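Chemist: This is run17.pdb (PDB, C-alpha atoms).
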```pdb
ATOM      1  CA  MET A  18      55.067  19.716  13.262
ATOM      2  CA  PHE A  19      52.560  17.701  11.238
ATOM      3  CA  ASP A  20      54.833  14.669  11.335
ATOM      4  CA  ARG A  21      54.989  14.927  15.097
ATOM      5  CA  LEU A  22      51.184  15.159  15.365
ATOM      6  CA  SER A  23      50.751  12.233  13.005
ATOM      7  CA  SER A  24      53.067  10.035  15.032
ATOM      8  CA  GLN A  25      51.177  10.853  18.202
ATOM      9  CA  ASN A  26      47.672  10.425  16.740
ATOM     10  CA  PRO A  27      47.142   8.160  13.710
ATOM     11  CA  LYS A  28      43.535   9.375  13.317
ATOM     12  CA  ALA A  29      44.754  12.941  12.962
ATOM     13  CA  SER A  30      47.017  11.842  10.132
ATOM     14  CA  PHE A  31      44.097  10.303   8.273
ATOM     15  CA  ALA A  32      41.957  13.430   8.720
ATOM     16  CA  ILE A  33      44.776  15.683   7.434
ATOM     17  CA  ARG A  34      45.330  13.581   4.312
ATOM     18  CA  ALA A  35      41.637  13.163   3.538
ATOM     19  CA  GLY A  36      40.604  16.708   4.235
ATOM     20  CA  ALA A  37      37.410  17.940   5.877
ATOM     21  CA  THR A  38      34.247  16.321   4.513
ATOM     22  CA  PRO A  39      30.797  17.946   4.690
ATOM     23  CA  TYR A  40      29.909  15.458   7.419
ATOM     24  CA  HIS A  41      32.951  16.460   9.491
ATOM     25  CA  ARG A  42      32.197  20.151   9.017
ATOM     26  CA  ARG A  43      28.615  19.623  10.104
ATOM     27  CA  GLU A  44      29.743  17.644  13.131
ATOM     28  CA  SER A  45      32.004  20.500  14.142
ATOM     29  CA  PHE A  46      29.317  23.119  14.622
ATOM     30  CA  ILE A  47      26.068  21.211  15.337
ATOM     31  CA  PRO A  48      25.664  20.270  19.016
ATOM     32  CA  GLU A  49      25.316  16.568  19.781
ATOM     33  CA  ALA A  50      21.793  16.983  21.181
ATOM     34  CA  LYS A  51      20.514  18.629  17.979
ATOM     35  CA  ARG A  52      21.950  16.251  15.395
ATOM     36  CA  TRP A  53      19.432  14.464  13.248
ATOM     37  CA  LYS A  54      18.817  10.861  14.140
ATOM     38  CA  GLN A  55      19.163   8.312  11.395
ATOM     39  CA  PHE A  56      15.821   7.829   9.611
ATOM     40  CA  LYS A  57      14.404   4.316   9.825
ATOM     41  CA  TRP A  58      11.682   3.131   7.465
ATOM     42  CA  LEU A  59      10.278   0.539   9.875
ATOM     43  CA  ILE A  60       8.484   2.179  12.775
ATOM     44  CA  TYR A  61       8.809  -0.963  14.906
ATOM     45  CA  ASP A  62      11.801  -3.283  15.143
ATOM     46  CA  ASN A  63       9.732  -6.222  13.908
ATOM     47  CA  ASN A  64      11.643  -7.316  10.810
ATOM     48  CA  GLY A  65       8.765  -6.041   8.685
ATOM     49  CA  SER A  66       6.166  -8.353  10.234
ATOM     50  CA  TYR A  67       3.596  -6.787  12.541
ATOM     51  CA  ASN A  68       3.037  -9.095  15.531
ATOM     52  CA  GLY A  69       4.609 -11.869  13.455
ATOM     53  CA  TRP A  70       1.532 -12.016  11.210
ATOM     54  CA  PHE A  71       3.588 -11.893   8.018
ATOM     55  CA  ASP A  72       6.526 -14.133   8.885
ATOM     56  CA  TRP A  73       5.345 -16.433   6.114
ATOM     57  CA  LEU A  74       6.335 -13.827   3.531
ATOM     58  CA  PRO A  75       9.980 -13.794   2.353
ATOM     59  CA  VAL A  76      12.082 -11.153   4.097
ATOM     60  CA  TRP A  77      12.812  -9.364   0.807
ATOM     61  CA  MET A  78       9.074  -8.678   0.425
ATOM     62  CA  ARG A  79       8.950  -7.037   3.862
ATOM     63  CA  ILE A  80      12.215  -5.108   4.076
ATOM     64  CA  GLY A  81      14.200  -3.096   1.572
ATOM     65  CA  TYR A  82      13.954  -0.380  -1.034
ATOM     66  CA  PHE A  83      10.938  -0.049  -3.299
ATOM     67  CA  HIS A  84      11.572  -1.206  -6.844
ATOM     68  CA  PRO A  85      12.368   1.755  -9.157
ATOM     69  CA  PHE A  86       9.602   0.747 -11.578
ATOM     70  CA  VAL A  87       7.080   0.880  -8.723
ATOM     71  CA  ILE A  88       8.260   4.338  -7.648
ATOM     72  CA  VAL A  89       7.944   5.670 -11.198
ATOM     73  CA  SER A  90       4.509   4.069 -11.622
ATOM     74  CA  LEU A  91       3.189   5.599  -8.396
ATOM     75  CA  MET A  92       4.546   9.033  -9.330
ATOM     76  CA  PHE A  93       2.880   8.808 -12.736
ATOM     77  CA  PHE A  94      -0.427   7.649 -11.211
ATOM     78  CA  TYR A  95      -0.474  10.374  -8.554
ATOM     79  CA  SER A  96       0.369  13.033 -11.128
ATOM     80  CA  ALA A  97      -2.346  11.783 -13.490
ATOM     81  CA  ILE A  98      -4.952  12.084 -10.732
ATOM     82  CA  TYR A  99      -4.107  15.778 -10.485
ATOM     83  CA  TRP A 100      -3.673  16.638 -14.160
ATOM     84  CA  TYR A 101      -6.597  14.637 -15.553
ATOM     85  CA  ARG A 102      -9.322  15.658 -13.103
ATOM     86  CA  PRO A 103     -12.544  16.269 -15.047
ATOM     87  CA  GLN A 104     -13.403  19.955 -15.328
ATOM     88  CA  PRO A 105     -15.834  20.516 -13.766
ATOM     89  CA  LEU A 106     -16.634  17.547 -11.548
ATOM     90  CA  HIS A 107     -20.346  16.850 -11.812
ATOM     91  CA  PHE A 108     -22.621  14.380 -10.046
ATOM     92  CA  ASP A 109     -26.378  14.228 -10.509
ATOM     93  CA  ALA A 110     -28.261  14.738  -7.239
ATOM     94  CA  THR A 111     -30.546  11.835  -8.159
ATOM     95  CA  VAL A 112     -32.209  11.340  -4.781
ATOM     96  CA  TYR A 113     -32.955  15.051  -4.475
ATOM     97  CA  ASP A 114     -34.333  15.312  -8.015
ATOM     98  CA  GLU A 115     -36.538  12.230  -7.646
ATOM     99  CA  THR A 116     -37.873  13.377  -4.286
ATOM    100  CA  ILE A 117     -38.698  16.878  -5.562
ATOM    101  CA  SER A 118     -40.389  15.510  -8.680
ATOM    102  CA  GLY A 119     -42.436  13.002  -6.683
ATOM    103  CA  ASN A 120     -41.651  10.186  -9.153
ATOM    104  CA  GLU A 121     -41.028   7.680  -6.357
ATOM    105  CA  VAL A 122     -44.347   5.852  -5.992
ATOM    106  CA  ASP A 123     -43.351   2.564  -4.333
ATOM    107  CA  SER A 124     -43.308   2.929  -0.574
ATOM    108  CA  CYS A 125     -43.210   0.849   2.582
ATOM    109  CA  TRP A 126     -46.468   1.123   4.486
ATOM    110  CA  GLY A 127     -47.075   4.478   2.828
ATOM    111  CA  ILE A 128     -44.412   6.069   5.035
ATOM    112  CA  ILE A 129     -41.059   5.855   3.288
ATOM    113  CA  PRO A 130     -40.046   5.105  -0.318
ATOM    114  CA  LYS A 131     -38.560   1.674  -0.861
ATOM    115  CA  THR A 132     -35.279   3.175  -2.077
ATOM    116  CA  ALA A 133     -34.910   5.242   1.100
ATOM    117  CA  ALA A 134     -35.911   2.249   3.237
ATOM    118  CA  ALA A 135     -33.266   0.114   1.502
ATOM    119  CA  ASP A 136     -30.588   2.752   2.063
ATOM    120  CA  LEU A 137     -31.520   3.078   5.745
ATOM    121  CA  THR A 138     -31.388  -0.707   6.166
ATOM    122  CA  ILE A 139     -27.966  -0.957   4.529
ATOM    123  CA  PHE A 140     -26.599   1.889   6.641
ATOM    124  CA  LEU A 141     -27.889   0.449   9.926
ATOM    125  CA  TRP A 142     -26.749  -3.063   8.989
ATOM    126  CA  GLY A 143     -23.262  -1.748   8.268
ATOM    127  CA  ILE A 144     -23.108  -0.292  11.781
ATOM    128  CA  ILE A 145     -24.534  -3.458  13.360
ATOM    129  CA  VAL A 146     -21.954  -5.710  11.669
ATOM    130  CA  VAL A 147     -19.016  -3.602  12.860
ATOM    131  CA  ALA A 148     -20.465  -3.248  16.379
ATOM    132  CA  HIS A 149     -21.068  -7.012  16.563
ATOM    133  CA  ALA A 150     -17.485  -7.682  15.486
ATOM    134  CA  LYS A 151     -16.146  -5.295  18.109
ATOM    135  CA  LEU A 152     -18.176  -6.970  20.854
ATOM    136  CA  THR A 153     -17.471 -10.574  19.848
ATOM    137  CA  LEU A 154     -13.912 -10.354  18.534
ATOM    138  CA  GLY A 155     -12.690  -7.814  21.066
ATOM    139  CA  SER A 156     -10.503  -5.952  18.586
ATOM    140  CA  ILE A 157     -10.898  -4.952  14.957
ATOM    141  CA  GLY A 158      -7.867  -2.680  14.879
ATOM    142  CA  ALA A 159      -6.712  -3.704  11.404
ATOM    143  CA  PHE A 160     -10.177  -3.475   9.838
ATOM    144  CA  PRO A 161     -10.357   0.335   9.404
ATOM    145  CA  ILE A 162      -7.023   0.433   7.538
ATOM    146  CA  SER A 163      -7.716  -2.561   5.310
ATOM    147  CA  PHE A 164      -9.149  -2.103   1.816
ATOM    148  CA  THR A 165     -12.051  -4.280   2.923
ATOM    149  CA  GLY A 166     -12.723  -1.856   5.770
ATOM    150  CA  TRP A 167     -12.670   1.092   3.399
ATOM    151  CA  SER A 168     -15.058  -0.744   1.081
ATOM    152  CA  TRP A 169     -17.493  -1.507   3.907
ATOM    153  CA  LEU A 170     -17.306   2.075   5.150
ATOM    154  CA  LEU A 171     -17.991   3.498   1.684
ATOM    155  CA  LEU A 172     -21.024   1.322   0.945
ATOM    156  CA  SER A 173     -22.468   2.088   4.383
ATOM    157  CA  LEU A 174     -21.765   5.809   4.067
ATOM    158  CA  ARG A 175     -23.238   5.970   0.578
ATOM    159  CA  ALA A 176     -26.482   4.470   1.833
ATOM    160  CA  GLY A 177     -26.585   6.619   4.969
ATOM    161  CA  ILE A 178     -25.876   9.855   3.123
ATOM    162  CA  GLU A 179     -28.497   9.244   0.438
ATOM    163  CA  PHE A 180     -31.078   8.319   3.053
ATOM    164  CA  ALA A 181     -30.240  11.564   4.878
ATOM    165  CA  ALA A 182     -30.623  13.408   1.553
ATOM    166  CA  TRP A 183     -34.143  12.003   1.142
ATOM    167  CA  ALA A 184     -35.058  12.882   4.742
ATOM    168  CA  ALA A 185     -33.710  16.440   4.445
ATOM    169  CA  THR A 186     -35.474  17.053   1.125
ATOM    170  CA  THR A 187     -38.750  15.627   2.405
ATOM    171  CA  HIS A 188     -38.642  17.980   5.400
ATOM    172  CA  LYS A 189     -37.956  20.993   3.125
ATOM    173  CA  PHE A 190     -34.259  21.398   3.945
ATOM    174  CA  LEU A 191     -33.677  21.642   0.219
ATOM    175  CA  ALA A 192     -30.145  23.035   0.173
ATOM    176  CA  LEU A 193     -28.957  20.397   2.632
ATOM    177  CA  GLY A 194     -30.854  17.679   0.789
ATOM    178  CA  LYS A 195     -29.259  18.579  -2.547
ATOM    179  CA  PHE A 196     -25.789  18.774  -1.007
ATOM    180  CA  LEU A 197     -26.120  15.345   0.632
ATOM    181  CA  ALA A 198     -27.606  13.852  -2.529
ATOM    182  CA  THR A 199     -24.616  15.109  -4.529
ATOM    183  CA  ILE A 200     -22.106  13.702  -2.034
ATOM    184  CA  GLY A 201     -23.877  10.343  -1.903
ATOM    185  CA  SER A 202     -24.108  10.238  -5.675
ATOM    186  CA  SER A 203     -20.372  10.941  -6.027
ATOM    187  CA  ILE A 204     -19.369   7.729  -4.213
ATOM    188  CA  ARG A 205     -21.826   5.365  -5.911
ATOM    189  CA  LEU A 206     -19.337   4.018  -8.434
ATOM    190  CA  VAL A 207     -16.461   3.597  -5.997
ATOM    191  CA  ALA A 208     -18.765   1.928  -3.438
ATOM    192  CA  VAL A 209     -20.097  -0.727  -5.813
ATOM    193  CA  THR A 210     -16.745  -1.282  -7.577
ATOM    194  CA  ASN A 211     -14.765  -1.609  -4.351
ATOM    195  CA  ALA A 212     -17.285  -4.129  -3.040
ATOM    196  CA  CYS A 213     -17.052  -6.145  -6.258
ATOM    197  CA  VAL A 214     -13.235  -6.136  -6.145
ATOM    198  CA  VAL A 215     -13.116  -7.075  -2.437
ATOM    199  CA  CYS A 216     -15.580  -9.937  -2.898
ATOM    200  CA  THR A 217     -13.726 -11.287  -5.937
ATOM    201  CA  VAL A 218     -10.111 -10.775  -4.870
ATOM    202  CA  TRP A 219     -10.596 -12.067  -1.327
ATOM    203  CA  ASN A 220     -12.571 -15.197  -2.161
ATOM    204  CA  PHE A 221     -10.708 -16.220  -5.310
ATOM    205  CA  ILE A 222      -7.157 -14.909  -4.788
ATOM    206  CA  LEU A 223      -6.218 -13.950  -1.231
ATOM    207  CA  LEU A 224      -8.125 -16.675   0.610
ATOM    208  CA  PRO A 225      -6.415 -19.505  -1.343
ATOM    209  CA  ILE A 226      -2.998 -17.821  -0.920
ATOM    210  CA  ILE A 227      -3.411 -17.521   2.834
ATOM    211  CA  TYR A 228      -4.849 -21.042   3.200
ATOM    212  CA  PHE A 229      -2.246 -22.856   1.105
ATOM    213  CA  PHE A 230       0.888 -20.758   1.645
ATOM    214  CA  SER A 231       0.688 -18.980   4.998
ATOM    215  CA  ILE A 232      -0.593 -22.032   6.911
ATOM    216  CA  PRO A 233       1.516 -25.208   6.585
ATOM    217  CA  ALA A 234      -0.364 -28.342   5.485
ATOM    218  CA  SER A 235       0.758 -30.043   8.688
ATOM    219  CA  GLN A 236      -1.269 -27.560  10.773
ATOM    220  CA  ARG A 237      -4.677 -28.952   9.888
ATOM    221  CA  GLU A 238      -6.370 -27.575  12.981
ATOM    222  CA  LYS A 239      -5.134 -24.086  12.174
ATOM    223  CA  ARG A 240      -6.470 -24.410   8.647
ATOM    224  CA  ARG A 241      -9.877 -25.524   9.926
ATOM    225  CA  SER A 242      -9.931 -22.568  12.323
ATOM    226  CA  PHE A 243      -9.119 -20.203   9.481
ATOM    227  CA  ILE A 244     -11.951 -21.541   7.323
ATOM    228  CA  LYS A 245     -14.339 -21.325  10.257
ATOM    229  CA  PHE A 246     -13.319 -17.736  10.901
ATOM    230  CA  ASN A 247     -13.561 -16.865   7.196
ATOM    231  CA  PHE A 248     -17.212 -17.914   7.138
ATOM    232  CA  SER A 249     -18.105 -16.293  10.450
ATOM    233  CA  PHE A 250     -20.848 -13.672  10.676
ATOM    234  CA  PHE A 251     -18.424 -10.772  10.338
ATOM    235  CA  MET A 252     -16.289 -12.146   7.501
ATOM    236  CA  THR A 253     -19.310 -13.370   5.527
ATOM    237  CA  ASN A 254     -20.781  -9.879   5.607
ATOM    238  CA  ILE A 255     -17.667  -7.926   4.638
ATOM    239  CA  HIS A 256     -16.418 -10.378   1.977
ATOM    240  CA  ILE A 257     -19.570 -11.938   0.488
ATOM    241  CA  LEU A 258     -22.719  -9.979   1.349
ATOM    242  CA  ASN A 259     -20.953  -6.669   0.764
ATOM    243  CA  PHE A 260     -21.349  -7.001  -3.005
ATOM    244  CA  PRO A 261     -25.132  -7.551  -3.184
ATOM    245  CA  MET A 262     -25.565  -4.801  -0.596
ATOM    246  CA  ALA A 263     -23.479  -2.382  -2.654
ATOM    247  CA  ILE A 264     -25.390  -2.833  -5.921
ATOM    248  CA  ILE A 265     -28.699  -1.759  -4.342
ATOM    249  CA  ASN A 266     -29.583   1.783  -5.493
ATOM    250  CA  THR A 267     -26.319   2.065  -7.413
ATOM    251  CA  VAL A 268     -26.842  -0.286 -10.380
ATOM    252  CA  TYR A 269     -30.197  -1.767  -9.309
ATOM    253  CA  GLY A 270     -33.195   0.260  -8.187
ATOM    254  CA  SER A 271     -35.548   2.996  -9.337
ATOM    255  CA  GLN A 272     -33.084   5.860  -8.710
ATOM    256  CA  ILE A 273     -30.040   4.608 -10.576
ATOM    257  CA  ARG A 274     -28.125   6.773 -13.063
ATOM    258  CA  LEU A 275     -25.335   6.375 -15.575
ATOM    259  CA  PHE A 276     -21.806   6.860 -14.311
ATOM    260  CA  THR A 277     -19.543   9.532 -15.797
ATOM    261  CA  LEU A 278     -15.808  10.232 -15.908
ATOM    262  CA  SER A 279     -16.267  12.249 -12.703
ATOM    263  CA  ASP A 280     -17.357   9.050 -10.940
ATOM    264  CA  LEU A 281     -14.372   7.171 -12.364
ATOM    265  CA  TRP A 282     -12.026   9.923 -11.175
ATOM    266  CA  VAL A 283     -13.409   9.621  -7.626
ATOM    267  CA  ALA A 284     -12.854   5.856  -7.752
ATOM    268  CA  TYR A 285      -9.234   6.371  -8.819
ATOM    269  CA  LEU A 286      -8.805   9.041  -6.144
ATOM    270  CA  VAL A 287      -9.856   6.557  -3.453
ATOM    271  CA  ILE A 288      -7.365   4.020  -4.847
ATOM    272  CA  MET A 289      -4.645   6.669  -4.696
ATOM    273  CA  LEU A 290      -5.480   7.579  -1.097
ATOM    274  CA  TYR A 291      -5.456   3.936  -0.041
ATOM    275  CA  SER A 292      -2.145   3.312  -1.816
ATOM    276  CA  ILE A 293      -0.622   6.163   0.203
ATOM    277  CA  VAL A 294      -1.858   4.557   3.422
ATOM    278  CA  TYR A 295      -0.718   1.103   2.324
ATOM    279  CA  TYR A 296       2.743   1.969   1.046
ATOM    280  CA  PHE A 297       3.736   4.780   3.391
ATOM    281  CA  ILE A 298       2.055   3.831   6.675
ATOM    282  CA  MET A 299       1.134   0.147   6.724
ATOM    283  CA  ASP A 300       4.388  -0.938   5.054
ATOM    284  CA  ARG A 301       6.349   0.898   7.739
ATOM    285  CA  LEU A 302       4.280  -0.861  10.424
ATOM    286  CA  GLY A 303       5.000  -4.252   8.870
ATOM    287  CA  MET A 304       1.473  -4.866   7.568
ATOM    288  CA  HIS A 305       1.452  -6.576   4.180
ATOM    289  CA  PHE A 306      -2.173  -7.553   3.602
ATOM    290  CA  TYR A 307      -1.859  -7.772  -0.178
ATOM    291  CA  PRO A 308       1.377  -9.483  -1.301
ATOM    292  CA  ILE A 309       0.516  -9.058  -4.996
ATOM    293  CA  PHE A 310       1.078  -5.330  -4.424
ATOM    294  CA  CYS A 311       4.524  -5.758  -2.865
ATOM    295  CA  PRO A 312       6.402  -2.544  -3.780
ATOM    296  CA  ARG A 313       9.750  -4.355  -3.744
ATOM    297  CA  SER A 314       8.853  -6.413  -6.797
ATOM    298  CA  ALA A 315       8.603  -5.158 -10.369
ATOM    299  CA  PHE A 316       5.505  -7.339 -10.766
ATOM    300  CA  CYS A 317       3.701  -4.844  -8.536
ATOM    301  CA  VAL A 318       3.514  -2.509 -11.539
ATOM    302  CA  GLY A 319       1.464  -5.125 -13.359
ATOM    303  CA  SER A 320      -0.850  -5.450 -10.360
ATOM    304  CA  ILE A 321      -1.373  -1.691 -10.222
ATOM    305  CA  ILE A 322      -2.118  -1.483 -13.949
ATOM    306  CA  ALA A 323      -4.469  -4.467 -13.680
ATOM    307  CA  VAL A 324      -6.471  -2.815 -10.876
ATOM    308  CA  LEU A 325      -6.768   0.487 -12.736
ATOM    309  CA  GLY A 326      -7.814  -1.368 -15.871
ATOM    310  CA  LEU A 327     -10.299  -3.452 -13.899
ATOM    311  CA  TYR A 328     -11.948  -0.329 -12.476
ATOM    312  CA  TYR A 329     -12.297   1.143 -15.963
ATOM    313  CA  TYR A 330     -13.703  -2.147 -17.281
ATOM    314  CA  LEU A 331     -16.259  -2.303 -14.454
ATOM    315  CA  PHE A 332     -17.119   1.354 -15.066
ATOM    316  CA  LEU A 333     -18.116   0.417 -18.620
ATOM    317  CA  LYS A 334     -19.961  -2.752 -17.576
ATOM    318  CA  TRP A 335     -21.965  -1.007 -14.841
ATOM    319  CA  ASN A 336     -23.153   1.517 -17.424
ATOM    320  CA  GLU A 337     -24.139  -1.260 -19.812
ATOM    321  CA  LEU A 338     -26.150  -2.884 -17.041
ATOM    322  CA  ILE A 339     -27.771   0.415 -16.029
ATOM    323  CA  LEU A 340     -28.685   1.208 -19.647
ATOM    324  CA  SER A 341     -30.464  -2.119 -19.889
ATOM    325  CA  ARG A 342     -32.578  -1.244 -16.845
ATOM    326  CA  ILE A 343     -33.429   2.406 -17.450
TER     327      ILE A 343
END
```
What is this structure when it is put down as structure tokens?

Modeler:
Amino acid sequence: MFDRLSSQNPKASFAIRAGATPYHRRESFIPEAKRWKQFKWLIYDNNGSYNGWFDWLPVWMRIGYFHPFVIVSLMFFYSAIYWYRPQPLHFDATVYDETISGNEVDSCWGIIPKTAAADLTIFLWGIIVVAHAKLTLGSIGAFPISFTGWSWLLLSLRAGIEFAAWAATTHKFLALGKFLATIGSSIRLVAVTNACVVCTVWNFILLPIIYFFSIPASQREKRRSFIKFNFSFFMTNIHILNFPMAIINTVYGSQIRLFTLSDLWVAYLVIMLYSIVYYFIMDRLGMHFYPIFCPRSAFCVGSIIAVLGLYYYLFLKWNELILSRI
């Protein structure tokens, strides 16, 4: 009987010899409409280049499996964030304490302390820059998910929150004032360090890479347009002025404080959160803003270690600078 079936249907012969595989068994009882679709890493069929922005990168840097060393490094980093969290996390509510004690004597027109006035100015300027970019450029869709965008948001939020802490404490909302002062204090280190890294990495690493490698030398007009855009009002603020803005009332000012391991942990936590966005959302969209962190290259591990080491080094240097000014 089996010989007769085999002669009539060659496929049946193959199935009989090979036996039923798990896939065949699953196919036999799961309806067609309910079968899982094949998972695709890339959300869009764009060859790993969103809107063609990253065609200048080699295909292997845009498509393919993450390097095993990178996977292990990320797992170790994420685990360390959980296991090595300082117990307990503590952040001095500096603005609240200084306002309650009345130690702030310098004021603007006798109305508002200079530190609070500086924080309010930074916060409002941060909003103005983003609003101006939205109105003039039409779209800033990639800005909120870039590390530069996160940096700008953090330095603006830090200033806004600590100004709100001063205002709440001054108007006798003490519990709210202390809470806001603690939150603002907790992001001081990450705000100033992110701004320093963005200013340095963009101007001295990424800008030359984009200028010399992503734009062919034959396209001189395109290169001139890029330089003009890079020094526009928006780009100058988020890549150059961001650093001096971030150091105000964090490492310079009358209400500065020394950073602790709790501050460093928050800085590393922000790096971890951004790496999740970058590797598991932006990579799937085909956005590769930072080629030195390409997860398909083993050299990415060195880049990750270098960034973590740089943050620790800056943590120590900020404290040295603060000690010299207290």

Chemist: For the PyMOL selection byres ((chain A and resi 299-313) around 7), applied here, can you spell out every residue it catches as number ranges by chain?

Modeler: A: 58-61, 65-67, 71, 78-79, 82-84, 87, 294-298, 314-315, 317, 320

Chemist: Would you write out those residues with C-alpha atoms, as a CSV table (one decimal), in the frame of the given file?

Modeler:
```csv
chain,number,residue,atom,x,y,z
A,58,TRP,CA,11.7,3.1,7.5
A,59,LEU,CA,10.3,0.5,9.9
A,60,ILE,CA,8.5,2.2,12.8
A,61,TYR,CA,8.8,-1.0,14.9
A,65,GLY,CA,8.8,-6.0,8.7
A,66,SER,CA,6.2,-8.4,10.2
A,67,TYR,CA,3.6,-6.8,12.5
A,71,PHE,CA,3.6,-11.9,8.0
A,78,MET,CA,9.1,-8.7,0.4
A,79,ARG,CA,9.0,-7.0,3.9
A,82,TYR,CA,14.0,-0.4,-1.0
A,83,PHE,CA,10.9,0.0,-3.3
A,84,HIS,CA,11.6,-1.2,-6.8
A,87,VAL,CA,7.1,0.9,-8.7
A,294,VAL,CA,-1.9,4.6,3.4
A,295,TYR,CA,-0.7,1.1,2.3
A,296,TYR,CA,2.7,2.0,1.0
A,297,PHE,CA,3.7,4.8,3.4
A,298,ILE,CA,2.1,3.8,6.7
A,314,SER,CA,8.9,-6.4,-6.8
A,315,ALA,CA,8.6,-5.2,-10.4
A,317,CYS,CA,3.7,-4.8,-8.5
A,320,SER,CA,-0.8,-5.4,-10.4
```

Chemist: If the PyMOL selection byres ((chain A and resi 160) around 12) is run on the structure shown, which residues does it catch, given as a list in words?

Modeler: Val147, Ala150, Lys151, Leu154, Ser156, Ile157, Gly158, Ala159, Pro161, Ile162, Ser163, Phe164, Thr165, Gly166, Trp167, Ser168, Trp169, Leu170, Phe251, Met252, Ile255, Met304 and Phe306 of chain A

Chemist: Could you work out how far atom CA of A:Asn259 lies from atom CA of A:Ala212, giving the answer in Å with one decimal?

Modeler: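 Distance between the two atoms: 5.9 Å.
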
Chemist: For each of A:Thr186, A:Asn211, A:Asn336, A:Thr199, take the minimum atom-to-atom distance to A:Tyr269, counting all atoms listed in the file, then give the residue where this is smallest.

Modeler: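 Under the stated criterion, the closest residue is A:Asn336.
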
Chemist: So that I can check the surroundings of A:Leu172, please list as a PDB file with C-alpha atoms, in the frame of the given file every protein, DNA and RNA residue that reaches within 12 Å of it, counting all atoms listed in the file and ignoring chain neighbours fewer than 5 positions away.

Modeler:
```
ATOM      1  CA  ASP A 136     -30.588   2.752   2.063  1.00  0.00           C
ATOM      2  CA  LEU A 137     -31.520   3.078   5.745  1.00  0.00           C
ATOM      3  CA  THR A 138     -31.388  -0.707   6.166  1.00  0.00           C
ATOM      4  CA  ILE A 139     -27.966  -0.957   4.529  1.00  0.00           C
ATOM      5  CA  PHE A 140     -26.599   1.889   6.641  1.00  0.00           C
ATOM      6  CA  LEU A 141     -27.889   0.449   9.926  1.00  0.00           C
ATOM      7  CA  TRP A 142     -26.749  -3.063   8.989  1.00  0.00           C
ATOM      8  CA  GLY A 143     -23.262  -1.748   8.268  1.00  0.00           C
ATOM      9  CA  ILE A 144     -23.108  -0.292  11.781  1.00  0.00           C
ATOM     10  CA  THR A 165     -12.051  -4.280   2.923  1.00  0.00           C
ATOM     11  CA  GLY A 166     -12.723  -1.856   5.770  1.00  0.00           C
ATOM     12  CA  TRP A 167     -12.670   1.092   3.399  1.00  0.00           C
ATOM     13  CA  GLY A 177     -26.585   6.619   4.969  1.00  0.00           C
ATOM     14  CA  ILE A 178     -25.876   9.855   3.123  1.00  0.00           C
ATOM     15  CA  GLU A 179     -28.497   9.244   0.438  1.00  0.00           C
ATOM     16  CA  GLY A 201     -23.877  10.343  -1.903  1.00  0.00           C
ATOM     17  CA  SER A 202     -24.108  10.238  -5.675  1.00  0.00           C
ATOM     18  CA  SER A 203     -20.372  10.941  -6.027  1.00  0.00           C
ATOM     19  CA  ILE A 204     -19.369   7.729  -4.213  1.00  0.00           C
ATOM     20  CA  ARG A 205     -21.826   5.365  -5.911  1.00  0.00           C
ATOM     21  CA  LEU A 206     -19.337   4.018  -8.434  1.00  0.00           C
ATOM     22  CA  VAL A 207     -16.461   3.597  -5.997  1.00  0.00           C
ATOM     23  CA  ALA A 208     -18.765   1.928  -3.438  1.00  0.00           C
ATOM     24  CA  VAL A 209     -20.097  -0.727  -5.813  1.00  0.00           C
ATOM     25  CA  THR A 210     -16.745  -1.282  -7.577  1.00  0.00           C
ATOM     26  CA  ASN A 211     -14.765  -1.609  -4.351  1.00  0.00           C
ATOM     27  CA  ALA A 212     -17.285  -4.129  -3.040  1.00  0.00           C
ATOM     28  CA  CYS A 213     -17.052  -6.145  -6.258  1.00  0.00           C
ATOM     29  CA  ILE A 255     -17.667  -7.926   4.638  1.00  0.00           C
ATOM     30  CA  LEU A 258     -22.719  -9.979   1.349  1.00  0.00           C
ATOM     31  CA  ASN A 259     -20.953  -6.669   0.764  1.00  0.00           C
ATOM     32  CA  PHE A 260     -21.349  -7.001  -3.005  1.00  0.00           C
ATOM     33  CA  PRO A 261     -25.132  -7.551  -3.184  1.00  0.00           C
ATOM     34  CA  MET A 262     -25.565  -4.801  -0.596  1.00  0.00           C
ATOM     35  CA  ALA A 263     -23.479  -2.382  -2.654  1.00  0.00           C
ATOM     36  CA  ILE A 264     -25.390  -2.833  -5.921  1.00  0.00           C
ATOM     37  CA  ILE A 265     -28.699  -1.759  -4.342  1.00  0.00           C
ATOM     38  CA  ASN A 266     -29.583   1.783  -5.493  1.00  0.00           C
ATOM     39  CA  THR A 267     -26.319   2.065  -7.413  1.00  0.00           C
TER      40      THR A 267
END
```

Chemist: So, with all atoms listed in the file as the atoms that count, which of A:Ala182, A:Val318, A:Val218, A:Ile227 lies closest to A:Trp70?

Modeler: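 So, comparing all the options, the nearest one is A:Ile227.
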
Chemist: For A:Gly194, which residue out of A:Thr116, A:Gly69, A:Pro225, A:Pro233 is the nearest one, using all atoms listed in the file?

Modeler: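 Closest to A:Gly194, using all atoms listed in the file: A:Thr116.
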